[in-house]
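Pasting upload-v3.txt here (compact mmCIF, C-alpha atoms and all ligand atoms):
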# COMPACT_ATOMS: atom_id res chain seq x y z
CA MET A 231 -20.27 -11.76 11.40
CA ASN A 232 -16.88 -12.65 9.89
CA ILE A 233 -15.24 -11.41 6.72
CA LEU A 234 -12.28 -13.21 5.17
CA VAL A 235 -9.76 -10.84 3.58
CA ILE A 236 -7.46 -12.28 0.94
CA ASN A 237 -4.38 -10.63 -0.56
CA CYS A 238 -2.84 -12.87 -3.23
CA GLY A 239 0.68 -12.46 -4.60
CA SER A 240 2.28 -14.59 -7.29
CA SER A 241 3.59 -17.23 -4.90
CA SER A 242 2.21 -16.03 -1.58
CA LEU A 243 -1.11 -15.24 0.02
CA LYS A 244 -1.93 -13.18 3.10
CA TYR A 245 -5.25 -13.56 4.87
CA GLN A 246 -7.21 -12.35 7.86
CA LEU A 247 -10.51 -13.45 9.25
CA ILE A 248 -12.08 -10.37 10.82
CA ASP A 249 -14.95 -10.31 13.29
CA MET A 250 -16.89 -7.25 12.17
CA LYS A 251 -18.57 -6.78 15.54
CA THR A 252 -15.27 -6.07 17.27
CA GLU A 253 -13.31 -5.20 14.10
CA GLU A 254 -10.56 -7.47 15.44
CA ALA A 255 -8.77 -10.18 13.46
CA LEU A 256 -9.69 -13.63 14.76
CA ALA A 257 -6.84 -15.12 12.73
CA THR A 258 -4.12 -13.80 10.48
CA GLY A 259 -2.04 -15.93 8.18
CA LEU A 260 0.54 -16.12 5.47
CA VAL A 261 1.03 -18.83 2.87
CA GLU A 262 4.40 -18.85 1.14
CA ARG A 263 6.03 -20.76 -1.69
CA ILE A 264 2.77 -21.61 -3.47
CA GLY A 265 3.64 -23.80 -6.45
CA ILE A 266 7.24 -24.10 -5.25
CA GLU A 267 8.84 -26.83 -3.18
CA GLY A 268 8.58 -26.12 0.54
CA SER A 269 5.06 -24.57 0.64
CA ILE A 270 4.20 -23.39 4.12
CA LEU A 271 1.18 -21.87 5.88
CA THR A 272 1.62 -19.92 9.10
CA GLN A 273 -1.49 -18.88 11.00
CA LYS A 274 -1.64 -16.77 14.14
CA ALA A 275 -4.75 -17.04 16.28
CA ASN A 276 -5.56 -17.06 19.99
CA GLY A 277 -1.98 -16.05 20.75
CA GLU A 278 -0.52 -19.16 19.15
CA LYS A 279 1.22 -19.97 15.89
CA TYR A 280 -0.02 -22.87 13.75
CA ILE A 281 2.22 -24.06 10.94
CA VAL A 282 1.20 -26.35 8.09
CA GLU A 283 3.93 -27.63 5.79
CA GLU A 284 2.22 -29.33 2.88
CA ALA A 285 2.71 -29.31 -0.90
CA MET A 286 0.51 -26.66 -2.59
CA LYS A 287 0.66 -26.81 -6.34
CA ASP A 288 -1.49 -23.72 -6.87
CA HIS A 289 -3.57 -21.02 -5.16
CA GLN A 290 -6.60 -23.30 -4.97
CA ASP A 291 -4.57 -25.75 -2.89
CA ALA A 292 -3.41 -22.85 -0.74
CA ILE A 293 -6.93 -21.55 -0.11
CA LYS A 294 -8.13 -25.07 0.67
CA LEU A 295 -5.50 -25.19 3.42
CA VAL A 296 -6.39 -21.69 4.64
CA LEU A 297 -10.02 -22.74 5.06
CA ALA A 298 -8.95 -25.98 6.76
CA ALA A 299 -6.71 -24.01 9.16
CA LEU A 300 -9.55 -21.62 10.00
CA VAL A 301 -11.95 -24.45 10.89
CA ASP A 302 -9.28 -26.73 12.39
CA LYS A 303 -10.58 -28.44 15.54
CA ASP A 304 -7.52 -27.56 17.63
CA HIS A 305 -6.06 -24.46 16.02
CA GLY A 306 -8.98 -22.92 14.15
CA VAL A 307 -11.24 -20.00 15.10
CA ILE A 308 -14.59 -20.99 13.54
CA LYS A 309 -16.60 -24.20 13.44
CA SER A 310 -17.53 -24.20 9.78
CA MET A 311 -17.12 -22.22 6.58
CA ASP A 312 -20.72 -21.03 6.97
CA GLU A 313 -19.37 -18.61 9.55
CA ILE A 314 -17.62 -16.72 6.74
CA GLU A 315 -20.15 -14.16 5.52
CA ALA A 316 -18.14 -12.89 2.54
CA VAL A 317 -14.65 -12.65 1.11
CA GLY A 318 -12.92 -9.34 0.37
CA HIS A 319 -10.12 -9.52 -2.18
CA ARG A 320 -7.39 -6.94 -2.48
CA VAL A 321 -6.98 -6.14 -6.17
CA VAL A 322 -4.08 -3.89 -7.15
CA HIS A 323 -5.38 -2.32 -10.36
CA GLY A 324 -8.96 -1.36 -11.09
CA GLY A 325 -8.08 0.92 -14.01
CA GLU A 326 -10.51 3.75 -14.70
CA LYS A 327 -13.45 1.42 -14.41
CA TYR A 328 -13.54 1.15 -10.62
CA ALA A 329 -13.70 4.17 -8.36
CA ALA A 330 -15.08 2.03 -5.54
CA SER A 331 -15.18 -1.55 -4.34
CA VAL A 332 -17.48 -3.90 -6.18
CA VAL A 333 -19.25 -7.25 -5.79
CA ILE A 334 -17.47 -9.64 -8.12
CA ASP A 335 -19.55 -11.18 -10.90
CA GLU A 336 -18.75 -12.50 -14.38
CA ASP A 337 -18.69 -9.00 -15.82
CA VAL A 338 -16.28 -7.74 -13.18
CA MET A 339 -14.00 -10.74 -13.82
CA LYS A 340 -13.84 -9.75 -17.49
CA GLN A 341 -12.91 -6.18 -16.54
CA LEU A 342 -10.23 -7.43 -14.18
CA GLU A 343 -8.67 -9.44 -17.00
CA GLU A 344 -8.62 -6.21 -19.04
CA CYS A 345 -6.91 -4.32 -16.20
CA ALA A 346 -4.29 -7.08 -15.92
CA LYS A 347 -2.52 -5.51 -18.89
CA LEU A 348 -1.91 -2.42 -16.76
CA ALA A 349 -0.54 -4.40 -13.80
CA PRO A 350 0.99 -7.57 -15.24
CA LEU A 351 2.84 -8.39 -12.04
CA HIS A 352 0.01 -7.83 -9.60
CA ASN A 353 -3.43 -8.40 -11.11
CA PRO A 354 -2.97 -11.96 -12.45
CA PRO A 355 -2.32 -13.45 -8.98
CA ASN A 356 -5.29 -11.44 -7.63
CA ILE A 357 -7.50 -12.99 -10.32
CA ILE A 358 -6.16 -16.49 -9.61
CA GLY A 359 -6.99 -15.97 -5.92
CA ILE A 360 -10.55 -14.89 -6.69
CA ASN A 361 -11.11 -17.88 -8.98
CA ALA A 362 -9.70 -20.26 -6.39
CA CYS A 363 -12.03 -18.88 -3.71
CA LYS A 364 -15.03 -19.01 -6.05
CA ALA A 365 -14.32 -22.66 -6.78
CA LEU A 366 -14.14 -23.57 -3.09
CA MET A 367 -16.87 -21.25 -1.77
CA PRO A 368 -19.35 -20.97 -4.66
CA ASN A 369 -22.13 -19.53 -2.51
CA THR A 370 -20.12 -16.96 -0.61
CA PRO A 371 -20.21 -13.41 -2.00
CA MET A 372 -16.86 -11.99 -3.12
CA VAL A 373 -15.91 -8.31 -3.22
CA GLY A 374 -12.99 -6.68 -5.04
CA VAL A 375 -11.28 -3.76 -3.28
CA PHE A 376 -8.89 -1.85 -5.52
CA ASP A 377 -5.64 -0.10 -4.59
CA THR A 378 -6.31 2.43 -7.32
CA ALA A 379 -9.98 3.19 -6.53
CA PHE A 380 -9.53 5.93 -3.93
CA HIS A 381 -7.43 7.98 -6.36
CA GLN A 382 -10.04 7.97 -9.12
CA THR A 383 -11.21 11.36 -7.83
CA MET A 384 -7.98 13.03 -9.02
CA PRO A 385 -8.69 15.81 -11.53
CA GLU A 386 -7.49 15.47 -15.14
CA LYS A 387 -4.72 18.01 -14.60
CA ALA A 388 -3.27 15.75 -11.91
CA TYR A 389 -3.64 12.36 -13.55
CA LEU A 390 -2.74 13.13 -17.16
CA TYR A 391 0.87 12.93 -18.32
CA ALA A 392 1.90 15.54 -20.87
CA LEU A 393 2.25 12.86 -23.55
CA PRO A 394 0.39 12.82 -26.87
CA TYR A 395 -3.26 12.63 -25.77
CA GLU A 396 -3.87 9.51 -27.88
CA LEU A 397 -1.64 7.52 -25.54
CA TYR A 398 -4.15 8.22 -22.81
CA LYS A 399 -7.26 7.79 -24.99
CA ASP A 400 -6.16 4.64 -26.78
CA HIS A 401 -3.80 3.01 -24.30
CA HIS A 402 -4.97 4.32 -20.90
CA ILE A 403 -1.53 5.70 -20.02
CA ARG A 404 -2.09 8.06 -17.08
CA LYS A 405 -1.44 8.33 -13.36
CA TYR A 406 -3.55 5.87 -11.36
CA GLY A 407 -1.93 5.94 -7.91
CA PHE A 408 -1.77 3.04 -5.46
CA HIS A 409 -2.00 2.33 -1.70
CA GLY A 410 -5.50 3.83 -2.01
CA THR A 411 -7.03 1.62 0.67
CA SER A 412 -4.37 2.74 3.14
CA HIS A 413 -4.63 6.43 2.21
CA LYS A 414 -8.41 6.26 2.62
CA TYR A 415 -8.19 4.50 5.98
CA VAL A 416 -5.62 6.82 7.57
CA SER A 417 -7.33 9.98 6.35
CA MET A 418 -10.59 8.81 7.93
CA LYS A 419 -8.73 8.06 11.16
CA ALA A 420 -7.03 11.48 11.10
CA ALA A 421 -10.39 13.24 10.73
CA GLU A 422 -11.75 11.13 13.57
CA ALA A 423 -8.76 12.04 15.78
CA MET A 424 -9.30 15.72 15.04
CA GLY A 425 -13.01 15.45 15.75
CA LYS A 426 -13.73 17.06 12.39
CA ASP A 427 -15.67 16.18 9.28
CA ILE A 428 -13.25 14.84 6.67
CA LYS A 429 -15.13 16.97 4.12
CA GLU A 430 -13.63 20.08 5.74
CA LEU A 431 -10.01 18.91 5.89
CA LYS A 432 -6.86 19.04 3.83
CA ILE A 433 -4.68 16.06 4.67
CA VAL A 434 -1.30 14.89 3.39
CA ASN A 435 -0.73 11.17 3.97
CA CYS A 436 2.78 9.72 3.91
CA HIS A 437 2.53 5.95 3.43
CA LEU A 438 6.21 5.13 3.93
CA GLY A 439 6.93 1.43 3.65
CA ASN A 440 9.08 -0.62 1.34
CA GLY A 441 6.80 0.78 -1.36
CA ALA A 442 6.00 4.39 -0.50
CA SER A 443 3.60 7.08 -1.63
CA VAL A 444 2.23 10.44 -0.52
CA SER A 445 -1.32 11.54 -1.19
CA ALA A 446 -3.19 14.82 -1.02
CA VAL A 447 -6.69 14.33 0.37
CA LYS A 448 -8.95 17.38 0.16
CA ASN A 449 -12.48 17.28 1.53
CA GLY A 450 -12.24 13.49 1.80
CA GLU A 451 -11.13 12.94 -1.80
CA SER A 452 -7.73 12.09 -3.22
CA VAL A 453 -6.69 15.03 -5.41
CA ASP A 454 -3.16 13.85 -6.15
CA THR A 455 -0.75 11.10 -5.22
CA SER A 456 2.89 10.37 -5.89
CA MET A 457 2.67 6.94 -7.51
CA GLY A 458 1.70 6.92 -11.16
CA PHE A 459 0.93 4.63 -14.05
CA THR A 460 2.71 2.01 -11.96
CA PRO A 461 4.00 2.07 -8.38
CA LEU A 462 7.42 3.19 -9.70
CA GLN A 463 6.75 6.93 -9.74
CA GLY A 464 7.20 9.31 -6.83
CA LEU A 465 9.22 8.77 -3.69
CA VAL A 466 12.61 7.10 -3.34
CA MET A 467 11.56 3.62 -2.16
CA GLY A 468 13.22 0.48 -0.82
CA THR A 469 14.26 -0.72 -4.28
CA ARG A 470 12.47 1.70 -6.67
CA THR A 471 13.85 4.93 -8.12
CA GLY A 472 10.74 7.05 -7.91
CA ASP A 473 10.84 10.27 -9.94
CA MET A 474 13.68 10.84 -12.40
CA ASP A 475 14.21 12.14 -15.92
CA PRO A 476 12.62 9.55 -18.23
CA ALA A 477 15.48 10.17 -20.68
CA VAL A 478 17.63 8.02 -18.37
CA VAL A 479 15.62 5.04 -19.62
CA THR A 480 16.38 5.66 -23.29
CA TYR A 481 20.02 6.43 -22.43
CA LEU A 482 20.39 3.11 -20.61
CA ILE A 483 18.93 1.30 -23.61
CA LYS A 484 20.54 3.21 -26.46
CA GLU A 485 23.95 4.10 -25.03
CA LEU A 486 24.61 1.45 -22.39
CA GLY A 487 22.99 -1.47 -24.20
CA TYR A 488 20.51 -2.59 -21.55
CA SER A 489 17.37 -4.38 -22.69
CA ALA A 490 13.93 -3.07 -21.74
CA SER A 491 13.45 -5.80 -19.16
CA GLU A 492 16.89 -5.17 -17.65
CA VAL A 493 15.96 -1.50 -17.26
CA ASP A 494 12.69 -2.55 -15.66
CA ASP A 495 14.64 -4.67 -13.22
CA ILE A 496 17.12 -1.87 -12.41
CA LEU A 497 14.40 0.73 -11.81
CA ASN A 498 12.10 -1.53 -9.78
CA LYS A 499 14.43 -3.86 -7.93
CA LYS A 500 17.95 -2.46 -7.80
CA SER A 501 17.41 1.25 -7.19
CA GLY A 502 16.00 3.37 -4.38
CA VAL A 503 17.54 3.17 -0.95
CA LEU A 504 19.13 -0.18 -1.85
CA GLY A 505 20.71 1.11 -5.03
CA VAL A 506 22.14 4.28 -3.50
CA SER A 507 23.31 2.78 -0.19
CA GLY A 508 24.51 -0.54 -1.60
CA VAL A 509 23.53 -1.95 1.81
CA SER A 510 19.88 -3.00 1.89
CA SER A 511 16.33 -2.06 1.00
CA ASP A 512 15.41 -2.39 4.67
CA PHE A 513 15.46 1.02 6.34
CA ARG A 514 16.66 -0.46 9.63
CA ASP A 515 19.86 -1.73 7.99
CA VAL A 516 20.41 1.52 6.13
CA GLU A 517 19.83 3.60 9.28
CA ASP A 518 22.33 1.42 11.12
CA ALA A 519 24.93 1.79 8.34
CA ALA A 520 24.35 5.55 8.17
CA TRP A 521 24.35 6.42 11.86
CA ASN A 522 26.45 3.76 13.56
CA LYS A 523 28.90 2.91 10.80
CA LYS A 524 28.92 6.41 9.31
CA GLU A 525 28.66 5.13 5.75
CA HIS A 526 28.27 8.05 3.34
CA ARG A 527 26.16 6.22 0.75
CA SER A 528 23.64 5.14 3.39
CA ASN A 529 23.52 8.66 4.76
CA ILE A 530 22.87 10.14 1.37
CA ALA A 531 20.22 7.48 0.59
CA LEU A 532 18.27 8.50 3.71
CA ASP A 533 18.76 12.19 2.93
CA MET A 534 17.36 11.63 -0.57
CA PHE A 535 14.38 9.76 0.85
CA VAL A 536 13.60 12.55 3.33
CA TYR A 537 14.18 15.28 0.72
CA ARG A 538 11.68 13.75 -1.69
CA VAL A 539 8.99 13.28 0.99
CA LYS A 540 9.45 16.94 1.98
CA GLN A 541 9.08 17.99 -1.66
CA TYR A 542 5.78 16.15 -1.94
CA ILE A 543 4.39 17.50 1.33
CA GLY A 544 5.27 21.04 0.21
CA SER A 545 3.81 20.62 -3.23
CA TYR A 546 0.60 19.05 -1.92
CA ALA A 547 0.16 21.87 0.59
CA ALA A 548 0.51 24.23 -2.37
CA ILE A 549 -2.06 22.52 -4.60
CA MET A 550 -4.59 22.18 -1.75
CA GLY A 551 -4.07 25.77 -0.62
CA GLY A 552 -2.83 24.64 2.81
CA VAL A 553 -2.82 21.58 4.99
CA ASP A 554 -4.55 20.71 8.27
CA ALA A 555 -2.87 17.38 9.01
CA ILE A 556 0.15 15.35 7.97
CA VAL A 557 -0.11 11.61 8.58
CA PHE A 558 2.66 9.01 8.78
CA THR A 559 1.88 5.35 8.22
CA ALA A 560 3.32 1.97 7.06
CA GLY A 561 6.61 0.35 8.18
CA VAL A 562 8.90 3.38 8.12
CA GLY A 563 6.20 5.98 8.80
CA GLU A 564 4.91 4.12 11.86
CA ASN A 565 8.28 3.07 13.27
CA SER A 566 11.11 5.40 12.36
CA VAL A 567 11.18 8.20 14.91
CA GLU A 568 14.22 9.69 13.15
CA MET A 569 12.74 9.71 9.64
CA ARG A 570 9.59 11.47 10.86
CA GLU A 571 11.67 14.05 12.70
CA SER A 572 13.86 14.70 9.64
CA ILE A 573 10.84 14.99 7.35
CA LEU A 574 8.98 17.45 9.56
CA GLU A 575 12.06 19.51 10.41
CA GLY A 576 11.78 23.00 8.95
CA PHE A 577 8.04 22.83 8.34
CA ASP A 578 7.36 25.44 11.03
CA PHE A 579 6.86 27.97 8.22
CA LEU A 580 3.78 25.93 7.28
CA GLY A 581 2.49 25.89 10.87
CA VAL A 582 3.83 22.52 12.06
CA ASP A 583 4.82 22.79 15.74
CA PHE A 584 6.64 19.47 16.00
CA ASP A 585 6.88 17.74 19.39
CA LYS A 586 10.11 15.72 19.68
CA ASP A 587 8.97 13.88 22.79
CA LYS A 588 5.53 12.92 21.55
CA ASN A 589 7.24 11.66 18.38
CA LYS A 590 9.09 8.97 20.34
CA VAL A 591 6.58 6.24 19.48
CA ARG A 592 6.68 3.17 17.30
CA GLY A 593 3.79 1.33 15.72
CA LYS A 594 0.93 3.05 17.50
CA PHE A 595 -1.35 6.02 17.15
CA ALA A 596 0.12 9.32 18.31
CA GLU A 597 -0.30 13.02 17.72
CA ILE A 598 3.26 14.27 17.26
CA THR A 599 2.70 18.03 17.16
CA LYS A 600 2.30 20.32 20.16
CA GLU A 601 -1.05 21.32 21.55
CA GLY A 602 -2.34 24.22 19.43
CA SER A 603 -0.14 23.44 16.41
CA LYS A 604 -1.84 24.97 13.35
CA VAL A 605 -1.00 21.88 11.29
CA LYS A 606 -1.32 18.62 13.18
CA ALA A 607 0.86 15.59 12.52
CA PHE A 608 -0.07 12.04 13.40
CA VAL A 609 1.32 8.53 13.40
CA ILE A 610 -1.57 6.28 12.36
CA PRO A 611 -0.98 2.54 11.92
CA THR A 612 -2.60 1.54 8.67
CA ASN A 613 -5.07 -1.33 8.50
CA GLU A 614 -5.80 -2.13 4.88
CA GLU A 615 -7.37 -5.47 5.81
CA LEU A 616 -9.97 -3.83 8.06
CA MET A 617 -10.76 -1.29 5.35
CA ILE A 618 -11.23 -4.13 2.83
CA ALA A 619 -13.45 -5.99 5.30
CA LYS A 620 -15.55 -2.86 5.94
CA ASP A 621 -16.06 -2.25 2.22
CA THR A 622 -16.94 -5.90 1.75
CA LEU A 623 -19.48 -5.87 4.56
CA ALA A 624 -21.04 -2.67 3.23
CA LEU A 625 -21.58 -4.27 -0.18
CA VAL A 626 -22.95 -7.62 0.93
P1 LIG A 701 6.02 -2.07 4.91
O1 LIG A 701 6.27 -2.13 3.43
O2 LIG A 701 4.95 -1.10 5.29
O3 LIG A 701 5.85 -3.41 5.55
O4 LIG A 701 7.35 -1.46 5.57
C1 LIG A 701 8.56 -2.13 5.49
C2 LIG A 701 9.69 -1.17 5.81
O5 LIG A 701 9.50 -0.63 7.13
C3 LIG A 701 11.06 -1.83 5.80
O6 LIG A 701 11.95 -1.12 4.98
C4 LIG A 701 11.50 -1.74 7.24
O7 LIG A 701 12.85 -1.51 7.33
C5 LIG A 701 10.77 -0.52 7.74
N1 LIG A 701 10.73 -0.53 9.21
C6 LIG A 701 10.08 -1.39 10.01
N2 LIG A 701 10.37 -1.11 11.33
C7 LIG A 701 11.23 -0.06 11.31
C8 LIG A 701 11.91 0.69 12.34
N3 LIG A 701 11.77 0.41 13.62
N4 LIG A 701 12.72 1.69 11.95
C9 LIG A 701 12.88 1.98 10.64
N5 LIG A 701 12.28 1.32 9.64
C10 LIG A 701 11.46 0.31 9.97

Represent the structure contained in this file as structure tokens.
Ligand code: AMP
Amino acid sequence: MNILVINCGSSSLKYQLIDMKTEEALATGLVERIGIEGSILTQKANGEKYIVEEAMKDHQDAIKLVLAALVDKDHGVIKSMDEIEAVGHRVVHGGEKYAASVVIDEDVMKQLEECAKLAPLHNPPNIIGINACKALMPNTPMVGVFDTAFHQTMPEKAYLYALPYELYKDHHIRKYGFHGTSHKYVSMKAAEAMGKDIKELKIVNCHLGNGASVSAVKNGESVDTSMGFTPLQGLVMGTRTGDMDPAVVTYLIKELGYSASEVDDILNKKSGVLGVSGVSSDFRDVEDAAWNKKEHRSNIALDMFVYRVKQYIGSYAAIMGGVDAIVFTAGVGENSVEMRESILEGFDFLGVDFDKDKNKVRGKFAEITKEGSKVKAFVIPTNEELMIAKDTLALV
């Protein structure tokens, strides 16, 4: 039984065809430059790369080529589209309506359009992708899996901003949180690794990638997370500021003459590790500049990143009344030995008995605390696609 997982961006599309018996991806692919000159599809399957360079004017064209690549006589992995049981779509924003994945019908499509207001950059391409798939596979069930859903269990005191209440009631301005599929997946894996019921655990997940967020998962439910109304809140990220005094925004507009969209651009695309270091948003480049070239701004950018992650771990331990496990995932969390070491340094007061040697791993599961450590720490590679496929299978 195979599930196709689709993750649509504005001009790109990632996909995986997953065999649910083995939970392995039969094929993974990326389509880039949809609607732009130079459209290209790259599929990896059976240890080989298959590249299709063909004009794609829209997402429907792109999905047509994805399906053709999957059933291709020489490079494909299935004989016909009938071998695709269902399609799972990653949808960024489910608003307050969706606390779980859902089979997509007309009603759901209407709700998704509503939520698009809350995520104008992300939801519209997700909707376009769903419509394109529906047009090409009218009889295949489709499921929406939301980045926000896992965090819908947060209590009011965590998700409300201390703004006039009407802004929440009338305009839905509140913390939603993102990366939910990843936070859910790695907390389940952590519980599994500890041989314990997730309902008895307090876990802090650090999803540290280009976009980054920390979540507090108590008894299997998200009780707080660092991203907010949008993915801008929280940690220092590749190009995003994360937390700061909101008065900076009005100062930039009123005193320095920036427009609202210029401020948006500064906070989302020109800040974070890139903005402080002036080098790159890629942690590998910034680490190189900091440690090998001894550049102060890169050093301070990494220090700020680590400092903020530490603050969140500490505060989430406080609100949960302790912590049993700290999990690192995503690009930086899975691969940067040094960042993990810096983040966990000094957490012995909490009961973390860090193991420097066990921490020397990249991109694979590892327990990085010593045997008997009161608080365990893990590296757990995230697999949002598998989580989406599992939810999809469960619903169809
Ligand atoms: P993601 O958004 O999860 O794909 O993560 C992307 C980020 O992971 C980029 O900033 C990369 O620099 C970072 N990353 C990937 N590999 C490494 C590594 N070996 N050391 C440090 N950062 C890494």

(message) Show me, as a list in words, the residues that have an atom within 9 Å of Gly441 of chain A when counting all atoms listed in the file, minus same-chain residues fewer than 6 positions from it.
(response) His409, Pro461, Leu462, Leu465, Val466, Met467, Gly468, Thr469 and Arg470 of chain A

With C-alpha atoms retained, could you export that selection as a PDB file, keeping the file's coordinate frame?
ATOM      1  CA  HIS A 409      -2.000   2.330  -1.700  1.00  0.00           C
ATOM      2  CA  PRO A 461       4.000   2.070  -8.380  1.00  0.00           C
ATOM      3  CA  LEU A 462       7.420   3.190  -9.700  1.00  0.00           C
ATOM      4  CA  LEU A 465       9.220   8.770  -3.690  1.00  0.00           C
ATOM      5  CA  VAL A 466      12.610   7.100  -3.340  1.00  0.00           C
ATOM      6  CA  MET A 467      11.560   3.620  -2.160  1.00  0.00           C
ATOM      7  CA  GLY A 468      13.220   0.480  -0.820  1.00  0.00           C
ATOM      8  CA  THR A 469      14.260  -0.720  -4.280  1.00  0.00           C
ATOM      9  CA  ARG A 470      12.470   1.700  -6.670  1.00  0.00           C
TER      10      ARG A 470
END

(message) Report as JSON, numbers by chain all protein, DNA and RNA residues lying within 8 Å of segment 541-551 of chain A, evaluated on all atoms listed in the file, omitting residues in the same chain fewer than 3 positions from it.
(response) {"A": [432, 434, 444, 445, 446, 448, 454, 456, 537, 538]}

(message) Between atom CA of Tyr488 of chain A and atom CA of Met474 of chain A, what is the distance in Å, rounded to a tenth?
(response) 17.6 Å

(message) For segment 325-330 of chain A, find every residue with an atom within 12 Å (counting all atoms listed in the file), except residues of its own chain fewer than 6 positions away, and show them as number ranges by chain.
(response) A: 337-338, 340-349, 353, 373-384, 389, 398-399, 401-408, 410-411, 414, 451-452, 458-460, 618, 621-622, 624-625

(message) Show me the residues close to (-18.2, -9.3, 13.6) - anything with an atom within 8 Å, counting only C-alpha atoms - and format the list as JSON, numbers by chain.
(response) {"A": [231, 232, 233, 248, 249, 250, 251, 252, 253]}

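Among the candidates A:Leu623, A:Ile270, A:Arg527, A:Glu315, the one nearest to Val332 of chain A when counting all atoms listed in the file is A:Leu623.
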
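The residues sitting within 7 Å of ligand LIG 701 (chain A), with only C-alpha atoms and all ligand atoms considered, come out as Leu438, Gly439, Asn440, Gly441, Gly468, Ser511, Asp512, Phe513, Arg514, Ala560, Gly561, Val562, Asn565, Ser566 and Arg592 of chain A.
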
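Comparing the minimum interatomic distances between Asn361 of chain A and each of A:Ile483, A:Ile236, A:Leu397, A:Ala420, counting only C-alpha atoms, we find that A:Ile236 sits nearest.
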
(message) Considering only C-alpha atoms, can you say which of A:Ala316, A:Met339, A:Ile266, A:Met457 comes closest to Ala619 of chain A?
(response) A:Ala316

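Pairwise distance (atom CA of Lys523 of chain A, atom CA of Ser507 of chain A) equals 12.3 Å.
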
Please list as a PDB file with C-alpha atoms, keeping the file's coordinate frame every residue within 7 Å of Ile598 of chain A, counting all atoms listed in the file and excluding residues in the same chain fewer than 5 positions away.
ATOM      1  CA  PHE A 584       6.640  19.470  16.000  1.00  0.00           C
ATOM      2  CA  ASP A 585       6.880  17.740  19.390  1.00  0.00           C
ATOM      3  CA  LYS A 588       5.530  12.920  21.550  1.00  0.00           C
ATOM      4  CA  ASN A 589       7.240  11.660  18.380  1.00  0.00           C
ATOM      5  CA  ALA A 607       0.860  15.590  12.520  1.00  0.00           C
ATOM      6  CA  PHE A 608      -0.070  12.040  13.400  1.00  0.00           C
TER       7      PHE A 608
END

(request) Can you work out the spacing between atom CA of Ser528 of chain A and atom CA of Val506 of chain A in Å, to one decimal? (result) 7.1 Å

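Within 10 Å of the point (-17.3, -19.4, -0.7) in file coordinates, and counting only C-alpha atoms, lie the residues Leu234, Leu297, Met311, Asp312, Ile314, Glu315, Ala316, Val317, Ala362, Cys363, Lys364, Ala365, Leu366, Met367, Pro368, Asn369, Thr370, Pro371 and Met372 of chain A.
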
(request) Pick out the residues sitting within 10 Å of Leu295 of chain A, and hand them over as a PyMOL selection string; count all atoms listed in the file, and ignore anything fewer than 3 positions along from it in its own chain. (result) chain A and resi 261+270-271+282+284+286+289-292+298-302

(request) Pick out the closest residue to Asp495 of chain A from this set: A:Met569, A:Ile360, A:Thr471, A:His352. Count all atoms listed in the file. (result) A:Thr471

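Across A:Val536, A:Ser572, A:Tyr391, A:Pro355, the tightest approach to His323 of chain A is made by A:Pro355 when counting only C-alpha atoms.
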
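The closest residue to Lys604 of chain A, picked from A:Val626, A:Met418, A:Leu580, A:Met617 and counting only C-alpha atoms, is A:Leu580.
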
Go ahead and fit an axis-aligned box to every listed atom of segment 358-370 of chain A plus 8 Å each side, and pass me the centre and edge lengths in Å, one decimal, as lines of an AutoDock Vina configuration file.
center_x = -14.1
center_y = -19.2
center_z = -5.1
size_x = 32.0
size_y = 24.7
size_z = 25.0

Please return segment 484-492 of chain A, rebuilt to N, CA and C atoms, as a short mmCIF file (atom, residue, chain, number, x, y, z; two decimals), keeping the file's coordinate frame.
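Output file selection20.cif follows:
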data_model
loop_
_atom_site.label_atom_id
_atom_site.label_comp_id
_atom_site.auth_asym_id
_atom_site.auth_seq_id
_atom_site.Cartn_x
_atom_site.Cartn_y
_atom_site.Cartn_z
N LYS A 484 19.84 2.87 -25.21
CA LYS A 484 20.54 3.21 -26.46
C LYS A 484 22.06 3.29 -26.29
N GLU A 485 22.51 3.87 -25.19
CA GLU A 485 23.95 4.10 -25.03
C GLU A 485 24.65 3.01 -24.23
N LEU A 486 23.94 2.44 -23.25
CA LEU A 486 24.61 1.45 -22.39
C LEU A 486 24.21 0.02 -22.73
N GLY A 487 23.30 -0.14 -23.67
CA GLY A 487 22.99 -1.47 -24.20
C GLY A 487 22.11 -2.36 -23.33
N TYR A 488 21.43 -1.77 -22.36
CA TYR A 488 20.51 -2.59 -21.55
C TYR A 488 19.24 -2.91 -22.33
N SER A 489 18.66 -4.07 -22.06
CA SER A 489 17.37 -4.38 -22.69
C SER A 489 16.26 -3.73 -21.86
N ALA A 490 15.06 -3.69 -22.45
CA ALA A 490 13.93 -3.07 -21.74
C ALA A 490 13.67 -3.79 -20.42
N SER A 491 13.76 -5.11 -20.42
CA SER A 491 13.45 -5.80 -19.16
C SER A 491 14.57 -5.63 -18.14
N GLU A 492 15.80 -5.46 -18.62
CA GLU A 492 16.89 -5.17 -17.65
C GLU A 492 16.68 -3.80 -17.01
#
